[in-house]
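Engineer: Below is the structure I would like to discuss, written out as structure tokens.
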Amino acid sequence: MGHTGPMGRLRLTDLRIVNQKIPLFMSNVFNWQLGRDMDYPYDAAFPQQQFAFVFNLNRCIGCQSCTMACKSTWTFSRGQENMWWNNVETKPYGGYPHHWDVKILDLLERANSGGQTWDTKVQSPKGPYGKFNGKTIFEAAKLNVSSEGAQKALGYLPEDEEWSAPNRYEDHPVGSEKGVKGQGFKGGETLPQHKTWFFYLARICNHCSYPACLAACPRNAIYKRPEDGIVLIDQERCRGYRKCLEACPYKKSLYRGTTRTSEKCIACFPRVEGRDQHGGGLPMQTRCMAACIGHIRLQGLVEMNQDGTWKEDRHSPLYYLVHVAKVALPLYPQFGTEPNGYYIPPRWVPRPYLQQMFGPGVDAAVEKYAAPDRELLAVLQLFGKDHRICFRYEIKEGPKVFETEVRGKKFELYNDTIIGYAKDGTKIIETTVEEPLHIRPDKHANSI
């Protein structure tokens, strides 16, 4: 038997379970990103639609516009000085808190030495990346027993100094040769993989389908909204035990000392609900998405099946990128939380590093992105084009304007037009694959 808890909540005010204890047993739930069933403290319960997003890391320039948009909207008050719901870190060295991913990967490896592997021979719509044979943070937690008992999710509580300097190691590359003081790297770099490299990783809460923060909270203060799957913390119930912070493998639940409660990204839910006056009643993208000048972000709401898989929605941009083109991959799927944040991997980074971060779908995703087909090239133009959420797209074919070879593969460029529609069918985007070129007249050449 399972346990119905915050995963099955209706609304914040609909359920008040006082002093209810987290169950000592685990339920069996299906995780399509792992291609198998796994242990989780609660029965599976899924929203009608799920908040999800895709970040194209090939475009991120590390400008921090997203970070400051979030900061100036939600975390500018006393006690929130070190609270960055959105952050951009330079990989492989950067992280906020420092080295968060290295530490949780090390904990998993110690719990299951040599066993954190994938079987990619068997793939299916319900297991597009194959089957993960290792242990998730929920399964490994049963082996991590302390005086307080076993953890609900394998994790650790960062030290205070780990929250300092959120941008430490910015623009620090890793190279094949040891650096020499006063001397730059020798030679150039060429695709498919650079020997000297770094990339920017933009992160917000993944609003996971199986949140570790929710699983670990002894107060049942964390819940998923049934209408959109956004994960929130009930500030009235929270007592600041920081179990959510310890459990979240992505460290996106944060503690506020002035109120002695935890806070986290709320996915700008008033905008997603269509309550922002600038959206005219239509669902809008979050502040970090809308502020991105690199056009790396695309946000949406995906329809869910009862088993937690995505309903087929062929002309949803997110469905296309994740399940058809398969260029957008989950961040550390082996953690087992089924994150709803997806990333198009940076094509110049060595594959082994990308594979441990995004799973076994990396090779196919990078090759597909490096030489995109006609539809993918058109869909990529939707990123950053409008602040309202694009629910559906259509493509009007245009003429072929260019042809070449990309690493031995034929590549053809068509100047197609892609049209994006809002939730109510309103046309919100119409753009071509080739951006129009405007030449300023001579008499205005130097004018402002």
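Every chain in the structure tokens takes a letter, A first, then B, and so on in the order presented; its residues are numbered from 1, and the ligands are numbered from 1 following the presented order.
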Need to verify the contact set: range 319-334 of chain A, 6 Å, only C-alpha atoms, exclusion of same-chain residues closer than 5 positions in sequence. Can you return it as a list of chain:residue names?
Structural biologist: A:Tyr342, A:Tyr343, A:Ile344, A:Met357, A:Phe358, A:Ala365
Engineer: Extract, using only C-alpha atoms, all DNA, RNA and protein residues at most 12 Å from Gly281 in chain A, discarding same-chain residues fewer than 2 positions from it, and format them as a ChimeraX atom specification.
Structural biologist: /A:270-279,283-284,388-389,422-424,426
Engineer: Can you tell me, as a list in words, what residues are no more than 10 Å from Lys121 in chain A when counting only C-alpha atoms, ignoring any on the same chain fewer than 6 positions away?
Structural biologist: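 The neighbour list is Tyr129, Gly130 and Lys131 of chain A.
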Engineer: Write down as a short mmCIF file (atom, residue, chain, number, x, y, z; two decimals) with N, CA and C atoms, in the first residue's frame the residues of range 20-160 of chain A whose backbone DSSP state falls under helix (DSSP H, G or I).
Structural biologist:
data_model
loop_
_atom_site.label_atom_id
_atom_site.label_comp_id
_atom_site.auth_asym_id
_atom_site.auth_seq_id
_atom_site.Cartn_x
_atom_site.Cartn_y
_atom_site.Cartn_z
N SER A 65 21.07 38.28 -16.69
CA SER A 65 19.81 39.04 -16.76
C SER A 65 18.68 38.28 -16.09
N CYS A 66 18.66 36.97 -16.27
CA CYS A 66 17.63 36.14 -15.64
C CYS A 66 17.76 36.18 -14.12
N THR A 67 19.00 36.10 -13.64
CA THR A 67 19.26 36.10 -12.21
C THR A 67 18.75 37.38 -11.56
N MET A 68 19.06 38.51 -12.18
CA MET A 68 18.67 39.79 -11.59
C MET A 68 17.18 40.07 -11.75
N ALA A 69 16.58 39.55 -12.81
CA ALA A 69 15.13 39.70 -12.96
C ALA A 69 14.40 38.99 -11.83
N CYS A 70 14.86 37.78 -11.51
CA CYS A 70 14.27 37.03 -10.40
C CYS A 70 14.56 37.72 -9.07
N LYS A 71 15.80 38.12 -8.88
CA LYS A 71 16.21 38.74 -7.62
C LYS A 71 15.40 40.00 -7.33
N SER A 72 15.24 40.84 -8.34
CA SER A 72 14.55 42.11 -8.14
C SER A 72 13.04 41.95 -8.01
N THR A 73 12.53 40.77 -8.34
CA THR A 73 11.10 40.51 -8.23
C THR A 73 10.73 39.81 -6.92
N TRP A 74 11.54 38.82 -6.50
CA TRP A 74 11.12 37.94 -5.42
C TRP A 74 12.03 37.92 -4.19
N TRP A 100 27.68 21.59 -5.52
CA TRP A 100 26.49 20.84 -5.13
C TRP A 100 26.36 19.51 -5.88
N ASP A 101 26.63 19.53 -7.18
CA ASP A 101 26.44 18.33 -7.98
C ASP A 101 27.52 17.29 -7.70
N VAL A 102 28.76 17.73 -7.54
CA VAL A 102 29.85 16.80 -7.24
C VAL A 102 29.58 16.07 -5.92
N LYS A 103 29.06 16.79 -4.95
CA LYS A 103 28.84 16.19 -3.63
C LYS A 103 27.72 15.15 -3.65
N ILE A 104 26.63 15.44 -4.33
CA ILE A 104 25.54 14.46 -4.34
C ILE A 104 25.90 13.27 -5.21
N LEU A 105 26.65 13.49 -6.31
CA LEU A 105 27.11 12.37 -7.13
C LEU A 105 28.06 11.47 -6.34
N ASP A 106 28.89 12.09 -5.51
CA ASP A 106 29.81 11.31 -4.68
C ASP A 106 29.05 10.48 -3.65
N LEU A 107 28.01 11.06 -3.06
CA LEU A 107 27.19 10.31 -2.10
C LEU A 107 26.54 9.10 -2.76
N LEU A 108 26.04 9.28 -3.98
CA LEU A 108 25.41 8.17 -4.69
C LEU A 108 26.42 7.10 -5.05
N GLU A 109 27.60 7.52 -5.46
CA GLU A 109 28.62 6.54 -5.83
C GLU A 109 29.07 5.74 -4.61
N ARG A 110 29.21 6.40 -3.48
CA ARG A 110 29.60 5.68 -2.27
C ARG A 110 28.50 4.71 -1.81
N ALA A 111 27.25 5.08 -2.07
CA ALA A 111 26.14 4.21 -1.68
C ALA A 111 25.99 3.01 -2.61
N ILE A 137 18.27 8.78 -5.38
CA ILE A 137 18.49 9.33 -4.05
C ILE A 137 17.50 8.78 -3.04
N PHE A 138 16.33 8.31 -3.50
CA PHE A 138 15.33 7.74 -2.59
C PHE A 138 15.71 6.31 -2.22
N GLU A 139 16.24 5.57 -3.19
CA GLU A 139 16.62 4.18 -2.93
C GLU A 139 17.92 4.10 -2.13
N ALA A 140 18.85 5.00 -2.41
CA ALA A 140 20.12 5.00 -1.67
C ALA A 140 19.93 5.52 -0.25
N ALA A 141 18.89 6.31 -0.02
CA ALA A 141 18.68 6.90 1.31
C ALA A 141 18.44 5.84 2.37
N ASP A 160 27.54 27.08 5.75
CA ASP A 160 27.22 28.47 5.46
C ASP A 160 28.12 29.05 4.38
#
Engineer: Tyr40 in chain A: which residues within 7 Å, counting only C-alpha atoms, same-chain residues fewer than 4 positions away excluded, as an MDAnalysis selection string?
Structural biologist: chainID A and resid 26:29 138
